[in-house]
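Novice: Got a structure for you, questions after.
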Amino acid sequence: MVSWDIALGLVLLAFAVPFFVLHYKEKRHRLYAQCKYAEASQLRRMLREAEEHIRRDQSLILEALGTPFLLMRPGGRVVMANSKACRLFGVESLDATNLLLSLPESEMREFLSRVVRATEKIRTKLQVPGEQGERGYRVTATPSATRARYIGIVFSDMTEEYRTQVVRRDFVANASHELRTPLTLILGYLETLLDDPAASQDTAMLRHSLGIMKRHADRMTRLVSDMSMLSRIETPDSAYLKQEEFDLVQLVTEVQERLQPMVEAQQARVQIDIAPEPFLMHGDCFYWSQVLFNLVENALKNNPTPGLRVLVKAFVEADASLCICVEDNGVGIAADSLPFIFNRFYRADSGGKIKGTGLGLAIVKHAVEAHGGTIRAESRPGFRTAFTITLPPPN
């Protein structure tokens with residue numbers, strides 16, 4: 001016979017087992033729900049991380065383009081854009097910006113209005129105003145074939161290419177004009193001598209005609225030589241420059257000797273203030289000779305009146321940079337001409353009294369820049385005109 005204690009224990013066990021079973025099931029459901037929640041949270045976190053990686057990769061790709069790019073919806077709202085596109089439109093961010101609503105009436109807005117209606121790729125050229133003047137862009141807009149019909153727009157900066165074309169065109173036009181004048185004079189005198197036998201027999205007339213033809217032939221020779229030198233020195237590659245050591249004092253002295261007939265004819269003075277001697281420099285001695293010759297000759301040509309004083313000096317700054325200055329006390333350069341004096345064929349003397357090719361100072365500027373230096377001009381008419389060259393410290 002089972003004792004009361006055992007019976008009581010069995011009764012309690014009979015009641016307890018369902019309770020424990022129910023508790024276990026509830027706990028198991030709770031654990032399952034927690035696992036599901038943790039799994040969902042992990043999936044959501046992984047999704048967020050993947051989206052962040054995608055955005056980061058997209059940003060890296062867009063920035064790697066190296067040119068302004070934006071992706072736009074047909075309604076004009078920007079989906080994504082790189083930093084160059086933001087700078088192009090003059091804002092910090094283009095995210096969610098509707099360009100059709102935010103842009104004022106302009107060539108750009110008119111182009112974008114045309115783009116959102118297009119079904120095929122569009123290519124055009126735009127002039128976009130900026131802080132440093134207008135820049136020219138070649139723009140390509142490509143609508144996607146997807147249902148969303150996003151439009152990708154790439155802006156390729158062609159400002160420098162355009163400027164180069166303009167400079168080349170102006171150079172050819174100016175060179176043709178400069179060559180046409182002496183050629184016309186030479187041909188005119190030749191035709192006179194050939195068509196008029198009496199003129200060819202007149203010794204004085206013949207000498208006069210030949211003298212004029214020689215002067216203009218010399219001018220053409222100098223012009224062609226200067227154009228050739230300028231064309232060579234304007235090339236981006238400076239490998240043609242020799243790297244040699246030379247004495248600046250000796251170089252200036254040689255330039256002074258070459259110009260001595262002109263100095264004496266004009267009763268001018270050329271002084272040299274360079275110390276110590278020798279004053280050693282590194283670079284292409286030939287081009288530095290052209291720089292100094294053109295600067296001193298330029299001072300003499302623009303001041304034919306007796307009494308001109310030209311001073312060539314050089315010194316080392318506190319930061320070890322080298323300065324070379326050519327100054328004179330002549331008539332000077334008008335303030336409105338100073339920004340243009342290094343342009344090809346520009347002459348501050350609009351009356352044409354000063355002879356020359358108009359390329360001397362352009363050669364000077366490019367030769368100095370090819371050596372890593374800069375040149376500036378300043379003038380106080382009637383008192384002092386100075387061209388100052390600054391070269392960085394030697395490595």
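Every chain in the structure tokens takes a letter, A first, then B, and so on in the order presented; its residues are numbered from 1, and the ligands are numbered from 1 following the presented order.
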Identify, on the basis of only C-alpha atoms, every residue whose closest approach to region 285-289 of chain A does not exceed 8 Å; exclude the query and any residue fewer than 4 positions from it along the same chain; express the result as JSON, numbers by chain.
Specialist: {"A": [242, 244, 245, 246, 251, 252, 255, 293, 367]}
Novice: To one decimal in Å, tell me the separation between CA of Ile122 (chain A) and CA of Val91 (chain A).
Specialist: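 Between CA of Ile122 (chain A) and CA of Val91 (chain A) the gap is 24.9 Å.
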Novice: If you run DSSP over the backbone, which residues in region 260-329 of chain A end up helix (DSSP H, G or I)? Put them as a PyMOL selection string.
Specialist: chain A and resi 260-265+285-301
Novice: Would you export the selected residues with N, CA, C and O atoms as a CSV table (one decimal), in the first residue's frame, please?
Specialist:
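This is the output file result_9.csv:
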chain,number,residue,atom,x,y,z
A,260,GLN,N,75.3,98.2,-77.6
A,260,GLN,CA,76.1,99.4,-77.4
A,260,GLN,C,75.9,100.5,-78.5
A,260,GLN,O,75.7,101.7,-78.3
A,261,PRO,N,75.8,100.0,-79.8
A,261,PRO,CA,75.5,101.0,-80.9
A,261,PRO,C,74.2,101.8,-80.7
A,261,PRO,O,74.2,103.0,-80.9
A,262,MET,N,73.2,101.1,-80.2
A,262,MET,CA,71.9,101.7,-80.0
A,262,MET,C,72.0,102.6,-78.8
A,262,MET,O,71.4,103.8,-78.7
A,263,VAL,N,72.7,102.2,-77.7
A,263,VAL,CA,72.9,103.0,-76.5
A,263,VAL,C,73.6,104.3,-76.9
A,263,VAL,O,73.2,105.4,-76.4
A,264,GLU,N,74.7,104.2,-77.7
A,264,GLU,CA,75.4,105.4,-78.0
A,264,GLU,C,74.6,106.4,-78.9
A,264,GLU,O,74.7,107.6,-78.8
A,265,ALA,N,73.9,105.8,-79.9
A,265,ALA,CA,73.1,106.6,-80.8
A,265,ALA,C,72.0,107.4,-80.0
A,265,ALA,O,71.7,108.5,-80.4
A,285,CYS,N,71.2,79.3,-70.7
A,285,CYS,CA,71.9,80.6,-70.8
A,285,CYS,C,71.4,81.3,-72.1
A,285,CYS,O,71.3,82.5,-72.1
A,286,PHE,N,71.1,80.5,-73.1
A,286,PHE,CA,70.6,81.2,-74.4
A,286,PHE,C,69.3,81.9,-74.1
A,286,PHE,O,69.1,83.1,-74.5
A,287,TYR,N,68.3,81.3,-73.4
A,287,TYR,CA,67.1,81.9,-73.2
A,287,TYR,C,67.2,83.1,-72.2
A,287,TYR,O,66.5,84.1,-72.4
A,288,TRP,N,68.0,83.0,-71.2
A,288,TRP,CA,68.2,84.1,-70.3
A,288,TRP,C,68.9,85.3,-71.0
A,288,TRP,O,68.6,86.4,-70.7
A,289,SER,N,69.7,85.0,-72.0
A,289,SER,CA,70.3,86.0,-72.8
A,289,SER,C,69.2,86.8,-73.6
A,289,SER,O,69.2,88.0,-73.7
A,290,GLN,N,68.2,86.0,-74.2
A,290,GLN,CA,67.1,86.6,-74.9
A,290,GLN,C,66.2,87.4,-73.9
A,290,GLN,O,65.7,88.5,-74.3
A,291,VAL,N,66.0,86.9,-72.7
A,291,VAL,CA,65.2,87.7,-71.7
A,291,VAL,C,65.8,89.0,-71.5
A,291,VAL,O,65.1,90.1,-71.5
A,292,LEU,N,67.1,89.1,-71.1
A,292,LEU,CA,67.7,90.3,-70.7
A,292,LEU,C,67.9,91.2,-72.0
A,292,LEU,O,67.7,92.5,-71.8
A,293,PHE,N,68.2,90.7,-73.1
A,293,PHE,CA,68.3,91.5,-74.3
A,293,PHE,C,67.0,92.1,-74.6
A,293,PHE,O,66.9,93.4,-74.9
A,294,ASN,N,65.9,91.4,-74.6
A,294,ASN,CA,64.6,92.0,-74.9
A,294,ASN,C,64.2,93.0,-73.9
A,294,ASN,O,63.6,94.0,-74.3
A,295,LEU,N,64.4,92.8,-72.7
A,295,LEU,CA,64.0,93.8,-71.6
A,295,LEU,C,64.8,95.1,-71.8
A,295,LEU,O,64.2,96.2,-71.7
A,296,VAL,N,66.1,95.0,-72.0
A,296,VAL,CA,67.0,96.2,-72.2
A,296,VAL,C,66.6,96.9,-73.5
A,296,VAL,O,66.5,98.1,-73.6
A,297,GLU,N,66.5,96.1,-74.6
A,297,GLU,CA,66.2,96.7,-75.9
A,297,GLU,C,64.8,97.4,-75.8
A,297,GLU,O,64.6,98.4,-76.4
A,298,ASN,N,63.9,96.7,-75.1
A,298,ASN,CA,62.5,97.3,-75.0
A,298,ASN,C,62.6,98.7,-74.3
A,298,ASN,O,61.9,99.6,-74.8
A,299,ALA,N,63.4,98.8,-73.3
A,299,ALA,CA,63.5,100.1,-72.7
A,299,ALA,C,64.1,101.2,-73.6
A,299,ALA,O,63.7,102.3,-73.7
A,300,LEU,N,65.1,100.8,-74.4
A,300,LEU,CA,65.8,101.7,-75.3
A,300,LEU,C,64.8,102.1,-76.5
A,300,LEU,O,64.7,103.3,-76.8
A,301,LYS,N,64.1,101.1,-77.0
A,301,LYS,CA,63.2,101.4,-78.1
A,301,LYS,C,62.1,102.3,-77.7
A,301,LYS,O,61.6,103.2,-78.5
Novice: Between CA of Phe279 (chain A) and CA of Ser379 (chain A), what is the distance in Å, rounded to a tenth?
Specialist: 27.0 Å
Novice: Where does DSSP see strand (DSSP E or B) in region 115-167 of chain A, if you list the residues as a ChimeraX atom specification?
Specialist: /A:122-128,135-143,151-157
Novice: Would you export the selected residues with N, CA and C atoms as a tab-separated table (two decimals), in the first residue's frame, please?
Specialist:
chain	number	residue	atom	x	y	z
A	122	ILE	N	21.64	63.79	-75.77
A	122	ILE	CA	21.79	65.16	-76.26
A	122	ILE	C	23.20	65.63	-75.96
A	123	ARG	N	23.84	66.23	-76.96
A	123	ARG	CA	25.16	66.84	-76.78
A	123	ARG	C	25.09	68.30	-77.18
A	124	THR	N	25.71	69.15	-76.37
A	124	THR	CA	25.71	70.58	-76.68
A	124	THR	C	26.88	71.25	-75.98
A	125	LYS	N	27.06	72.55	-76.22
A	125	LYS	CA	28.09	73.35	-75.55
A	125	LYS	C	27.41	74.47	-74.79
A	126	LEU	N	27.88	74.70	-73.55
A	126	LEU	CA	27.29	75.73	-72.69
A	126	LEU	C	28.37	76.64	-72.14
A	127	GLN	N	28.04	77.91	-72.00
A	127	GLN	CA	28.88	78.86	-71.30
A	127	GLN	C	28.29	79.08	-69.91
A	128	VAL	N	29.07	78.77	-68.87
A	128	VAL	CA	28.57	78.85	-67.50
A	128	VAL	C	29.33	79.94	-66.76
A	135	ARG	N	33.12	79.90	-68.14
A	135	ARG	CA	33.82	78.70	-68.54
A	135	ARG	C	32.96	77.94	-69.54
A	136	GLY	N	33.61	77.33	-70.51
A	136	GLY	CA	32.88	76.60	-71.53
A	136	GLY	C	32.87	75.11	-71.24
A	137	TYR	N	31.70	74.48	-71.42
A	137	TYR	CA	31.56	73.04	-71.16
A	137	TYR	C	30.94	72.35	-72.36
A	138	ARG	N	31.44	71.15	-72.62
A	138	ARG	CA	30.78	70.25	-73.57
A	138	ARG	C	29.91	69.33	-72.73
A	139	VAL	N	28.60	69.37	-72.93
A	139	VAL	CA	27.65	68.67	-72.04
A	139	VAL	C	26.99	67.51	-72.78
A	140	THR	N	26.93	66.36	-72.11
A	140	THR	CA	26.27	65.19	-72.66
A	140	THR	C	25.21	64.71	-71.67
A	141	ALA	N	23.95	64.65	-72.12
A	141	ALA	CA	22.83	64.19	-71.29
A	141	ALA	C	22.31	62.88	-71.87
A	142	THR	N	22.26	61.83	-71.03
A	142	THR	CA	21.85	60.50	-71.49
A	142	THR	C	20.69	59.99	-70.65
A	143	PRO	N	19.47	59.87	-71.23
A	143	PRO	CA	18.34	59.30	-70.48
A	143	PRO	C	18.49	57.78	-70.38
A	151	ILE	N	18.20	60.62	-65.75
A	151	ILE	CA	18.99	61.27	-66.80
A	151	ILE	C	20.38	61.58	-66.23
A	152	GLY	N	21.40	60.99	-66.83
A	152	GLY	CA	22.78	61.27	-66.43
A	152	GLY	C	23.36	62.40	-67.27
A	153	ILE	N	23.97	63.40	-66.60
A	153	ILE	CA	24.51	64.57	-67.31
A	153	ILE	C	25.98	64.75	-66.94
A	154	VAL	N	26.84	64.77	-67.95
A	154	VAL	CA	28.28	64.94	-67.76
A	154	VAL	C	28.71	66.27	-68.36
A	155	PHE	N	29.49	67.05	-67.59
A	155	PHE	CA	30.01	68.35	-68.05
A	155	PHE	C	31.52	68.23	-68.24
A	156	SER	N	32.00	68.38	-69.46
A	156	SER	CA	33.44	68.33	-69.76
A	156	SER	C	33.95	69.75	-69.99
A	157	ASP	N	34.85	70.19	-69.11
A	157	ASP	CA	35.38	71.54	-69.20
A	157	ASP	C	36.29	71.68	-70.42
Novice: Work out how far CA of Gly75 (chain A) is from CA of Thr97 (chain A), in Å to one decimal.
Specialist: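 Calculated distance between CA of Thr97 (chain A) and CA of Gly75 (chain A) is 10.7 Å.
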Novice: Fewer than 4 positions away in the same chain doesn't count, so skip those; otherwise give me all residues within 9 Å of Asn303 (chain A), counting only C-alpha atoms, as a ChimeraX atom specification.
Specialist: /A:266,298-299,308,330-332
Novice: Please write the residues from the selection above to a file, keeping N, CA, C and O atoms, as a tab-separated table (two decimals), in the first residue's frame.
Specialist:
chain	number	residue	atom	x	y	z
A	266	GLN	N	71.50	106.83	-78.93
A	266	GLN	CA	70.43	107.50	-78.16
A	266	GLN	C	70.98	108.25	-76.95
A	266	GLN	O	70.21	108.81	-76.17
A	298	ASN	N	63.86	96.74	-75.10
A	298	ASN	CA	62.51	97.30	-74.99
A	298	ASN	C	62.56	98.69	-74.33
A	298	ASN	O	61.87	99.62	-74.78
A	299	ALA	N	63.39	98.83	-73.31
A	299	ALA	CA	63.53	100.14	-72.65
A	299	ALA	C	64.13	101.16	-73.61
A	299	ALA	O	63.67	102.32	-73.67
A	308	LEU	N	68.26	108.66	-71.26
A	308	LEU	CA	67.67	107.49	-70.61
A	308	LEU	C	68.73	106.75	-69.79
A	308	LEU	O	69.87	106.60	-70.20
A	330	GLY	N	62.37	106.25	-68.06
A	330	GLY	CA	61.79	106.81	-69.28
A	330	GLY	C	60.34	107.22	-69.15
A	330	GLY	O	59.83	107.45	-68.05
A	331	VAL	N	59.66	107.26	-70.31
A	331	VAL	CA	58.29	107.78	-70.35
A	331	VAL	C	57.31	106.88	-69.64
A	331	VAL	O	56.23	107.31	-69.22
A	332	GLY	N	57.65	105.59	-69.49
A	332	GLY	CA	56.78	104.68	-68.74
A	332	GLY	C	55.68	104.06	-69.57
A	332	GLY	O	55.57	104.25	-70.78
